[in-house]
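What follows is start-v1.txt (compact mmCIF, C-alpha atoms).
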# COMPACT_ATOMS: atom_id res chain seq x y z
CA MET A 59 14.48 5.13 -18.97
CA LYS A 60 15.41 2.86 -16.06
CA THR A 61 16.79 4.10 -12.77
CA ARG A 62 18.09 2.21 -9.75
CA ARG A 63 17.21 2.83 -6.14
CA ARG A 64 19.72 5.07 -4.42
CA PRO A 65 19.67 6.86 -1.07
CA TYR A 66 17.37 9.87 -1.02
CA SER A 67 20.39 12.18 -0.82
CA GLU A 68 21.35 11.02 -4.32
CA GLN A 69 17.88 11.36 -5.81
CA ARG A 70 17.00 14.13 -8.24
CA PRO A 71 13.89 15.10 -10.21
CA THR A 72 14.09 13.25 -13.52
CA ASP A 73 12.65 13.93 -16.95
CA LEU A 74 11.28 10.55 -18.04
CA GLY A 75 10.28 11.90 -21.44
CA GLY A 76 6.87 12.22 -23.01
CA GLY A 77 5.80 14.98 -20.60
CA VAL A 78 6.35 12.91 -17.45
CA TRP A 79 8.68 13.77 -14.55
CA SER A 80 9.51 11.87 -11.38
CA VAL A 81 10.07 13.89 -8.20
CA PRO A 82 11.52 12.05 -5.16
CA VAL A 83 9.87 13.16 -1.93
CA PRO A 84 11.44 12.02 1.38
CA ILE A 85 9.71 9.89 4.01
CA PRO A 86 11.47 10.96 7.24
CA GLY A 87 12.45 8.07 9.49
CA ASN A 88 11.22 5.37 7.09
CA PRO A 89 13.51 2.74 5.50
CA LEU A 90 11.76 3.22 2.14
CA GLY A 91 13.49 6.62 2.05
CA TYR A 92 11.24 8.39 -0.43
CA THR A 93 8.11 8.32 -2.55
CA LEU A 94 8.40 8.89 -6.29
CA VAL A 95 5.76 11.48 -7.12
CA TYR A 96 5.04 11.73 -10.85
CA ALA A 97 4.04 14.93 -12.62
CA ILE A 98 2.28 14.61 -15.98
CA GLU A 99 2.28 17.78 -18.05
CA SER A 100 -0.92 19.06 -19.63
CA PRO A 101 -1.97 22.32 -21.34
CA ARG A 102 -3.98 23.24 -18.22
CA GLY A 103 -1.38 22.44 -15.62
CA PRO A 104 0.33 19.29 -14.37
CA VAL A 105 -1.50 16.39 -12.76
CA LEU A 106 0.37 14.60 -9.98
CA VAL A 107 0.29 10.87 -9.31
CA ASP A 108 0.53 10.80 -5.49
CA ALA A 109 1.92 13.64 -3.39
CA GLY A 110 4.19 12.30 -0.64
CA TRP A 111 4.40 12.33 3.16
CA ASN A 112 3.00 15.27 5.13
CA HIS A 113 6.21 16.80 6.52
CA PRO A 114 7.89 20.20 6.00
CA ASP A 115 10.96 18.61 4.37
CA ALA A 116 8.75 16.60 2.05
CA TRP A 117 6.78 19.69 1.07
CA LEU A 118 9.94 21.60 0.19
CA ALA A 119 11.19 18.66 -1.88
CA LEU A 120 7.92 18.46 -3.79
CA ARG A 121 7.66 22.22 -4.36
CA ASP A 122 11.29 22.65 -5.37
CA GLY A 123 11.34 19.44 -7.40
CA LEU A 124 8.42 20.62 -9.49
CA GLY A 125 10.17 23.98 -9.83
CA SER A 126 13.31 22.36 -11.22
CA ALA A 127 11.10 20.69 -13.83
CA GLY A 128 9.72 24.08 -14.83
CA MET A 129 6.42 23.63 -12.98
CA ASP A 130 4.90 25.72 -10.22
CA VAL A 131 3.04 23.87 -7.49
CA ARG A 132 0.43 26.64 -7.63
CA ASP A 133 -0.40 25.53 -11.18
CA VAL A 134 -1.09 21.88 -10.32
CA ARG A 135 -4.43 20.87 -11.82
CA GLY A 136 -5.07 17.75 -9.77
CA VAL A 137 -3.63 14.97 -7.61
CA VAL A 138 -4.54 11.36 -8.31
CA VAL A 139 -3.84 9.37 -5.14
CA THR A 140 -3.08 5.72 -5.87
CA HIS A 141 -4.13 4.84 -2.31
CA PHE A 142 -4.75 6.51 1.03
CA HIS A 143 -1.48 5.68 2.85
CA PRO A 144 0.33 8.73 4.30
CA ASP A 145 3.42 8.46 2.07
CA HIS A 146 1.12 8.85 -0.94
CA ALA A 147 -1.80 11.01 0.18
CA GLY A 148 -0.15 13.04 2.94
CA LEU A 149 0.65 16.21 1.00
CA ALA A 150 -2.37 16.15 -1.30
CA GLY A 151 -4.28 18.51 1.00
CA GLN A 152 -1.46 21.08 1.04
CA VAL A 153 -1.19 20.94 -2.76
CA ARG A 154 -4.92 21.64 -2.93
CA GLU A 155 -4.55 24.60 -0.55
CA GLU A 156 -1.76 26.10 -2.69
CA SER A 157 -3.27 25.56 -6.12
CA GLY A 158 -6.97 24.82 -5.80
CA ALA A 159 -6.28 21.40 -7.36
CA TRP A 160 -8.77 18.57 -7.08
CA ILE A 161 -7.86 15.37 -5.24
CA ALA A 162 -9.07 12.08 -6.75
CA MET A 163 -9.08 8.67 -5.06
CA HIS A 164 -10.90 5.38 -5.57
CA GLU A 165 -14.26 5.30 -3.82
CA ALA A 166 -13.25 2.41 -1.52
CA ASP A 167 -10.28 4.30 -0.10
CA ALA A 168 -12.29 7.53 -0.01
CA ALA A 169 -14.73 5.80 2.36
CA LEU A 170 -11.86 4.78 4.64
CA VAL A 171 -10.44 8.31 4.65
CA GLY A 172 -13.84 9.62 5.66
CA LEU A 173 -13.98 7.15 8.55
CA MET A 174 -10.42 7.99 9.65
CA ASN A 175 -11.23 11.69 9.78
CA GLU A 176 -14.36 11.02 11.85
CA LEU A 177 -12.58 8.91 14.48
CA GLN A 178 -11.13 10.72 17.46
CA ASP A 179 -7.65 9.67 18.63
CA ARG A 180 -9.14 7.87 21.64
CA GLU A 181 -11.56 5.90 19.44
CA HIS A 182 -8.80 5.03 16.99
CA ARG A 183 -6.55 3.81 19.79
CA SER A 184 -9.34 1.72 21.31
CA PHE A 185 -10.13 0.13 17.93
CA HIS A 186 -6.50 -0.93 17.42
CA ALA A 187 -6.06 -2.10 21.00
CA ASP A 188 -9.08 -4.39 20.76
CA MET A 189 -7.83 -5.77 17.42
CA LEU A 190 -4.40 -6.55 18.86
CA LYS A 191 -5.85 -8.25 21.95
CA ARG A 192 -8.06 -10.47 19.78
CA ALA A 193 -4.93 -11.44 17.82
CA GLY A 194 -3.13 -12.56 20.97
CA ALA A 195 -0.80 -9.60 21.64
CA ASP A 196 0.02 -8.98 25.30
CA ALA A 197 -0.64 -5.72 27.14
CA VAL A 198 2.87 -4.31 26.62
CA GLU A 199 2.76 -5.03 22.88
CA VAL A 200 -0.67 -3.42 22.59
CA GLU A 201 0.64 -0.26 24.26
CA GLU A 202 3.72 -0.10 22.01
CA VAL A 203 1.87 -0.66 18.73
CA THR A 204 -0.91 1.87 19.46
CA ALA A 205 1.39 4.64 20.71
CA HIS A 206 1.40 6.64 17.47
CA ARG A 207 -1.29 7.55 14.95
CA PRO A 208 -0.41 9.17 11.59
CA ARG A 209 -2.44 12.23 10.66
CA PRO A 210 -5.41 11.20 8.46
CA PRO A 211 -5.16 12.35 4.81
CA ALA A 212 -7.34 15.04 3.30
CA PRO A 213 -10.68 13.80 1.92
CA PRO A 214 -10.80 13.69 -1.89
CA ASP A 215 -12.96 15.90 -4.08
CA ARG A 216 -13.51 13.21 -6.69
CA GLU A 217 -14.11 9.48 -6.35
CA LEU A 218 -12.78 7.11 -8.98
CA ARG A 219 -13.98 3.75 -10.27
CA ASP A 220 -12.40 1.05 -12.38
CA GLY A 221 -12.09 2.16 -16.01
CA ASP A 222 -12.58 5.90 -15.36
CA LEU A 223 -10.52 8.40 -17.32
CA VAL A 224 -8.64 10.92 -15.18
CA ASP A 225 -9.20 14.62 -15.94
CA LEU A 226 -5.93 15.07 -17.86
CA PRO A 227 -6.42 17.29 -20.93
CA GLY A 228 -4.74 15.99 -24.08
CA ARG A 229 -3.81 12.59 -22.58
CA GLU A 230 -5.57 9.30 -21.85
CA LEU A 231 -4.96 8.19 -18.26
CA ARG A 232 -7.21 5.29 -17.31
CA VAL A 233 -7.92 3.97 -13.79
CA ILE A 234 -7.14 0.28 -13.19
CA TRP A 235 -8.63 -0.79 -9.85
CA THR A 236 -6.13 -3.08 -8.12
CA PRO A 237 -7.38 -3.84 -4.59
CA GLY A 238 -5.18 -5.67 -2.12
CA HIS A 239 -2.60 -3.32 -0.66
CA THR A 240 -5.62 -1.19 0.20
CA PRO A 241 -9.27 -1.76 -0.77
CA GLY A 242 -9.16 1.16 -3.21
CA HIS A 243 -5.64 0.97 -4.59
CA VAL A 244 -5.44 1.96 -8.25
CA CYS A 245 -2.86 1.75 -10.99
CA LEU A 246 -3.01 4.30 -13.80
CA HIS A 247 -2.49 3.35 -17.44
CA LEU A 248 -1.16 6.19 -19.60
CA ARG A 249 -2.41 4.53 -22.75
CA ASP A 250 -0.95 6.99 -25.25
CA ALA A 251 2.56 6.17 -23.96
CA ASP A 252 2.24 2.49 -22.85
CA ARG A 253 3.16 3.42 -19.30
CA LEU A 254 1.71 2.13 -16.05
CA PHE A 255 1.87 4.06 -12.76
CA THR A 256 1.68 1.23 -10.23
CA GLY A 257 1.72 2.98 -6.84
CA ASP A 258 2.57 0.23 -4.37
CA HIS A 259 0.88 -2.58 -6.31
CA VAL A 260 3.90 -3.65 -8.38
CA LEU A 261 7.35 -2.66 -7.10
CA PRO A 262 10.63 -3.78 -8.69
CA GLY A 263 12.61 -5.06 -5.71
CA ILE A 264 10.20 -5.54 -2.80
CA THR A 265 6.64 -6.76 -2.36
CA PRO A 266 3.95 -4.45 -0.98
CA HIS A 267 2.29 -5.05 2.36
CA VAL A 268 -1.08 -6.80 2.19
CA GLY A 269 -2.92 -7.04 5.50
CA VAL A 270 -6.32 -7.64 7.09
CA TYR A 271 -7.64 -4.98 9.50
CA PRO A 272 -9.12 -5.91 11.91
CA TYR A 273 -7.00 -9.05 11.85
CA ASP A 274 -9.91 -11.41 12.50
CA ARG A 275 -12.32 -10.19 9.79
CA VAL A 276 -14.19 -12.88 7.87
CA ASP A 277 -15.95 -10.72 5.26
CA VAL A 278 -12.87 -9.82 3.18
CA ASP A 279 -9.91 -11.54 1.50
CA PRO A 280 -7.34 -8.82 0.68
CA LEU A 281 -4.60 -11.22 -0.41
CA GLY A 282 -7.02 -13.04 -2.69
CA ASP A 283 -7.99 -9.66 -4.16
CA PHE A 284 -4.32 -8.74 -4.52
CA LEU A 285 -3.49 -11.93 -6.42
CA LEU A 286 -6.37 -11.32 -8.83
CA SER A 287 -5.23 -7.71 -9.25
CA LEU A 288 -1.73 -8.90 -10.17
CA GLU A 289 -3.23 -11.11 -12.86
CA LYS A 290 -5.24 -8.12 -14.08
CA VAL A 291 -2.05 -6.06 -14.45
CA ALA A 292 -0.26 -8.93 -16.18
CA GLU A 293 -3.03 -9.08 -18.77
CA LEU A 294 -2.20 -5.48 -19.80
CA GLY A 295 1.10 -6.71 -21.24
CA ALA A 296 4.70 -5.62 -20.77
CA LEU A 297 4.34 -1.91 -20.03
CA GLU A 298 6.95 0.55 -18.81
CA THR A 299 6.41 0.58 -15.05
CA LEU A 300 6.51 3.72 -12.91
CA PRO A 301 6.17 2.62 -9.26
CA ALA A 302 5.93 4.84 -6.19
CA HIS A 303 9.13 3.45 -4.64
CA GLU A 304 12.55 2.19 -5.72
CA TRP A 305 13.02 2.65 -9.49
CA THR A 306 11.27 2.62 -12.86
CA PHE A 307 11.55 -0.54 -14.93
CA PRO A 308 10.19 -2.28 -18.06
CA GLY A 309 8.03 -5.38 -17.95
CA SER A 310 5.11 -4.85 -15.56
CA ALA A 311 3.54 -8.21 -16.46
CA GLU A 312 6.59 -10.29 -15.62
CA ARG A 313 7.14 -8.59 -12.28
CA ALA A 314 3.45 -8.88 -11.38
CA MET A 315 3.59 -12.64 -11.81
CA GLU A 316 6.84 -12.88 -9.85
CA ILE A 317 5.06 -11.23 -6.90
CA HIS A 318 2.11 -13.57 -7.42
CA ALA A 319 4.43 -16.59 -7.20
CA HIS A 320 6.09 -15.17 -4.07
CA HIS A 321 2.77 -15.08 -2.22
CA GLU A 322 1.76 -18.55 -3.38
CA GLU A 323 5.04 -19.85 -1.95
CA LYS A 324 4.36 -17.98 1.29
CA LEU A 325 0.93 -19.59 1.52
CA LEU A 326 2.48 -23.04 1.13
CA SER A 327 5.06 -22.26 3.83
CA LEU A 328 2.35 -21.04 6.21
CA ALA A 329 0.28 -24.20 5.68
CA ALA A 330 3.40 -26.28 6.38
CA LEU A 331 4.06 -24.28 9.56
CA LEU A 332 0.55 -25.00 10.85
CA ALA A 333 0.89 -28.68 9.93
CA GLU A 334 3.78 -28.95 12.39
CA GLU A 335 1.76 -27.54 15.30
CA ARG A 336 -0.26 -29.79 17.60
CA GLU A 337 -2.46 -26.99 18.93
CA PRO A 338 -4.21 -24.08 17.18
CA LEU A 339 -2.22 -20.83 17.25
CA THR A 340 -3.19 -17.17 17.60
CA ILE A 341 -2.46 -14.70 14.81
CA TRP A 342 0.26 -13.13 16.96
CA GLU A 343 1.91 -16.53 17.59
CA ILE A 344 1.77 -17.39 13.89
CA ALA A 345 3.27 -14.03 12.90
CA GLY A 346 6.10 -14.62 15.39
CA ARG A 347 6.91 -17.96 13.71
CA MET A 348 6.83 -16.68 10.12
CA THR A 349 9.88 -15.49 8.18
CA TRP A 350 10.27 -11.72 7.82
CA ASN A 351 13.11 -9.52 6.58
CA ARG A 352 14.35 -9.42 10.17
CA PRO A 353 13.82 -11.73 13.15
CA TRP A 354 10.52 -11.10 14.99
CA ALA A 355 12.40 -9.97 18.11
CA ASP A 356 14.18 -7.28 16.09
CA LEU A 357 11.03 -5.80 14.53
CA SER A 358 9.78 -2.48 15.89
CA PRO A 359 6.34 -2.49 17.55
CA GLN A 360 4.76 -0.88 14.49
CA MET A 361 6.41 -3.41 12.17
CA ARG A 362 5.13 -6.26 14.34
CA GLY A 363 1.63 -4.84 13.98
CA MET A 364 2.03 -4.78 10.19
CA ALA A 365 3.53 -8.28 10.17
CA ALA A 366 0.51 -9.55 12.12
CA GLY A 367 -1.76 -7.91 9.55
CA GLU A 368 0.09 -9.65 6.73
CA ALA A 369 0.00 -12.98 8.57
CA ALA A 370 -3.75 -12.50 8.99
CA ALA A 371 -4.16 -11.84 5.26
CA HIS A 372 -2.39 -15.08 4.37
CA LEU A 373 -4.38 -16.99 6.97
CA ARG A 374 -7.61 -15.57 5.58
CA THR A 375 -6.75 -16.70 2.04
CA LEU A 376 -5.92 -20.20 3.28
CA GLU A 377 -9.24 -20.17 5.14
CA VAL A 378 -11.13 -19.13 2.00
CA ARG A 379 -9.40 -21.94 0.09
CA GLY A 380 -10.49 -24.45 2.75
CA VAL A 381 -6.95 -25.29 3.88
CA ILE A 382 -7.29 -24.03 7.48
CA SER A 383 -10.05 -23.17 9.91
CA ARG A 384 -10.42 -21.00 12.98
CA THR A 385 -11.33 -22.53 16.32
CA ALA A 386 -14.97 -21.82 17.12
CA GLY A 387 -15.46 -19.54 20.13
CA SER A 388 -11.76 -19.02 20.82
CA ASP A 389 -10.64 -15.67 22.26
CA PRO A 390 -8.14 -14.69 21.01
CA VAL A 391 -8.94 -16.24 17.63
CA ARG A 392 -6.86 -19.34 16.79
CA PHE A 393 -6.15 -21.18 13.54
CA ALA A 394 -5.24 -24.75 12.65
CA LEU A 395 -4.84 -26.85 9.52
CA ARG A 396 -8.04 -28.64 8.54
CA PRO A 397 -7.67 -32.41 9.16
CA GLU A 398 -8.49 -33.26 5.54
CA SER A 399 -5.59 -31.04 4.40
CA LEU A 400 -3.21 -33.55 6.04
CA SER A 401 -4.43 -36.36 3.78
CA PRO A 402 -1.96 -37.46 1.08
Can you dump the structure from the file as structure tokens?
Amino acid sequence: MKTRRRPYSEQRPTDLGGGVWSVPVPIPGNPLGYTLVYAIESPRGPVLVDAGWNHPDAWLALRDGLGSAGMDVRDVRGVVVTHFHPDHAGLAGQVREESGAWIAMHEADAALVGLMNELQDREHRSFHADMLKRAGADAVEVEEVTAHRPRPPAPPDRELRDGDLVDLPGRELRVIWTPGHTPGHVCLHLRDADRLFTGDHVLPGITPHVGVYPYDRVDVDPLGDFLLSLEKVAELGALETLPAHEWTFPGSAERAMEIHAHHEEKLLSLAALLAEEREPLTIWEIAGRMTWNRPWADLSPQMRGMAAGEAAAHLRTLEVRGVISRTAGSDPVRFALRPESLSP
């Protein structure tokens, strides 16, 4: 079954067949509109793929949506979180409180959730402020971007690794580790039905955010990881795709490689942008010159912070490939095209 993205007001819980339901859960104040939470039936209670944003309206939508599918949230056996972001993991803790369900998450994201829950608001704000300053943001922009902190998600009970089977009686649901969007993002392959729950890794109409945090890290390459993860998904073949946003669609492999090509084109455009500059640029300056879905001046402070993270991820991949380099000792950090990259 294929559905198209519609406003949340037009969304309804949907029987996708084969013991799988989709339940739209709203994300208040977010242009994405909603998260598609999936409920997989089992003899010992349903297992959810993601849970939605932590908000009273979202909780009612999840509880009542499961009810309309003939399921009681108190009977939920477990919640598999594709990644730690609040529109996916936010309600997992409340589901656990209601039902006693386990929460499972990849070990890399579980480590981040542990760190987030340890940090006090003041420490979290200081961490982000320092990161923004090193990227070249001015004092006003730093204040705007760090003004709000989402509530950290509940820590998981179980940690997942690539290839693990989820505790889903009577079905075979295998973990496919797909780092990039987050270090511990996972897709889930329901092998007995040739279906792939893709979280935010492969979406039908948009591309997921891939960023570096802190922006100036040199020990990771999230975009490089993401591109490899897309190839990994493509190798699974053309599966029915159940993403966390927008709509379900066939052909996961084809869409994965379309997203791969999109980022390769973006890398070429970024290298060309730097080739036109006479002086090295900060991450913030580069982000302001890149093409986004809206002009830089029209982006909200939080969206500018995310755009800078994505710019940093593309810069890091170009750096790993030897196309660009960062200026030694510069503060804030600055990037320029390597001279040999200008050679014909």
Which polymer residues have any atom within 10 Å of an atom of segment 365-377 of chain A, counting all atoms listed in the file, with same-chain residues fewer than 6 positions away left out, as a PyMOL selection string? chain A and resi 190+193+195+238+267-283+321-322+324-326+328-329+340-350+354+357+359+383-384+393-396
Write a file of the just-selected residues containing C-alpha atoms, as a compact mmCIF listing (two decimals), in the coordinates of the input.
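As written to disk, out15.txt reads:
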# COMPACT_ATOMS: atom_id res chain seq x y z
CA LEU A 190 -4.40 -6.55 18.86
CA ALA A 193 -4.93 -11.44 17.82
CA ALA A 195 -0.80 -9.60 21.64
CA GLY A 238 -5.18 -5.67 -2.12
CA HIS A 267 2.29 -5.05 2.36
CA VAL A 268 -1.08 -6.80 2.19
CA GLY A 269 -2.92 -7.04 5.50
CA VAL A 270 -6.32 -7.64 7.09
CA TYR A 271 -7.64 -4.98 9.50
CA PRO A 272 -9.12 -5.91 11.91
CA TYR A 273 -7.00 -9.05 11.85
CA ASP A 274 -9.91 -11.41 12.50
CA ARG A 275 -12.32 -10.19 9.79
CA VAL A 276 -14.19 -12.88 7.87
CA ASP A 277 -15.95 -10.72 5.26
CA VAL A 278 -12.87 -9.82 3.18
CA ASP A 279 -9.91 -11.54 1.50
CA PRO A 280 -7.34 -8.82 0.68
CA LEU A 281 -4.60 -11.22 -0.41
CA GLY A 282 -7.02 -13.04 -2.69
CA ASP A 283 -7.99 -9.66 -4.16
CA HIS A 321 2.77 -15.08 -2.22
CA GLU A 322 1.76 -18.55 -3.38
CA LYS A 324 4.36 -17.98 1.29
CA LEU A 325 0.93 -19.59 1.52
CA LEU A 326 2.48 -23.04 1.13
CA LEU A 328 2.35 -21.04 6.21
CA ALA A 329 0.28 -24.20 5.68
CA THR A 340 -3.19 -17.17 17.60
CA ILE A 341 -2.46 -14.70 14.81
CA TRP A 342 0.26 -13.13 16.96
CA GLU A 343 1.91 -16.53 17.59
CA ILE A 344 1.77 -17.39 13.89
CA ALA A 345 3.27 -14.03 12.90
CA GLY A 346 6.10 -14.62 15.39
CA ARG A 347 6.91 -17.96 13.71
CA MET A 348 6.83 -16.68 10.12
CA THR A 349 9.88 -15.49 8.18
CA TRP A 350 10.27 -11.72 7.82
CA TRP A 354 10.52 -11.10 14.99
CA LEU A 357 11.03 -5.80 14.53
CA PRO A 359 6.34 -2.49 17.55
CA SER A 383 -10.05 -23.17 9.91
CA ARG A 384 -10.42 -21.00 12.98
CA PHE A 393 -6.15 -21.18 13.54
CA ALA A 394 -5.24 -24.75 12.65
CA LEU A 395 -4.84 -26.85 9.52
CA ARG A 396 -8.04 -28.64 8.54
List the neighbours of Ile264 of chain A out to 12 Å using all atoms listed in the file; skip same-chain residues closer than 4 positions along the sequence, and give me the result as number ranges by chain. A: 63, 90, 258-260, 301-305, 313-314, 316-317, 320, 351
If we count all atoms listed in the file and set the cut-off at 8 Å, which residues sit around Ala162 of chain A, ignoring sequence neighbours fewer than 4 positions away in its own chain? Please answer as a list in words. Gly136, Val137, Val138, Val139, Pro214, Asp215, Arg216, Glu217 and Leu218 of chain A
Out of A:Ile85, A:Ile382, A:Val134, A:Val95, which residue has the shortest atom-to-atom distance to Ala116 of chain A when counting all atoms listed in the file?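 Result for the nearest residue to Ala116 of chain A: A:Ile85.
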List as JSON, numbers by chain the protein and nucleic acid residues near segment 140-144 of chain A, meaning an atom at most 9 Å away when all atoms listed in the file are counted, but skip any in the same chain fewer than 2 places from it. {"A": [107, 108, 110, 111, 112, 138, 146, 147, 148, 149, 162, 163, 164, 167, 168, 170, 171, 208, 209, 210, 211, 239, 240, 241, 242, 243, 244, 245, 246, 255, 256, 257, 258]}
Closest-contact table, segment 229-254 of chain A side, partner segment 306-311 of chain A, 12 Å, counting all atoms listed in the file, as a tab-separated table:
residue	atom	partner	partner_atom	distance
A:Cys245	CA	A:Ser310	CA	11.3
A:His247	CA	A:Ser310	CA	11.3
A:Asp252	CA	A:Pro308	CA	10.4
A:Arg253	CA	A:Pro308	CA	9.1
A:Leu254	CA	A:Ser310	CA	7.8
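Nearest-residue note for Gly158 of chain A: choosing from A:Glu312, A:Asp122, A:Asp222, A:Asp133, the minimum distance belongs to A:Asp133, counting all atoms listed in the file.
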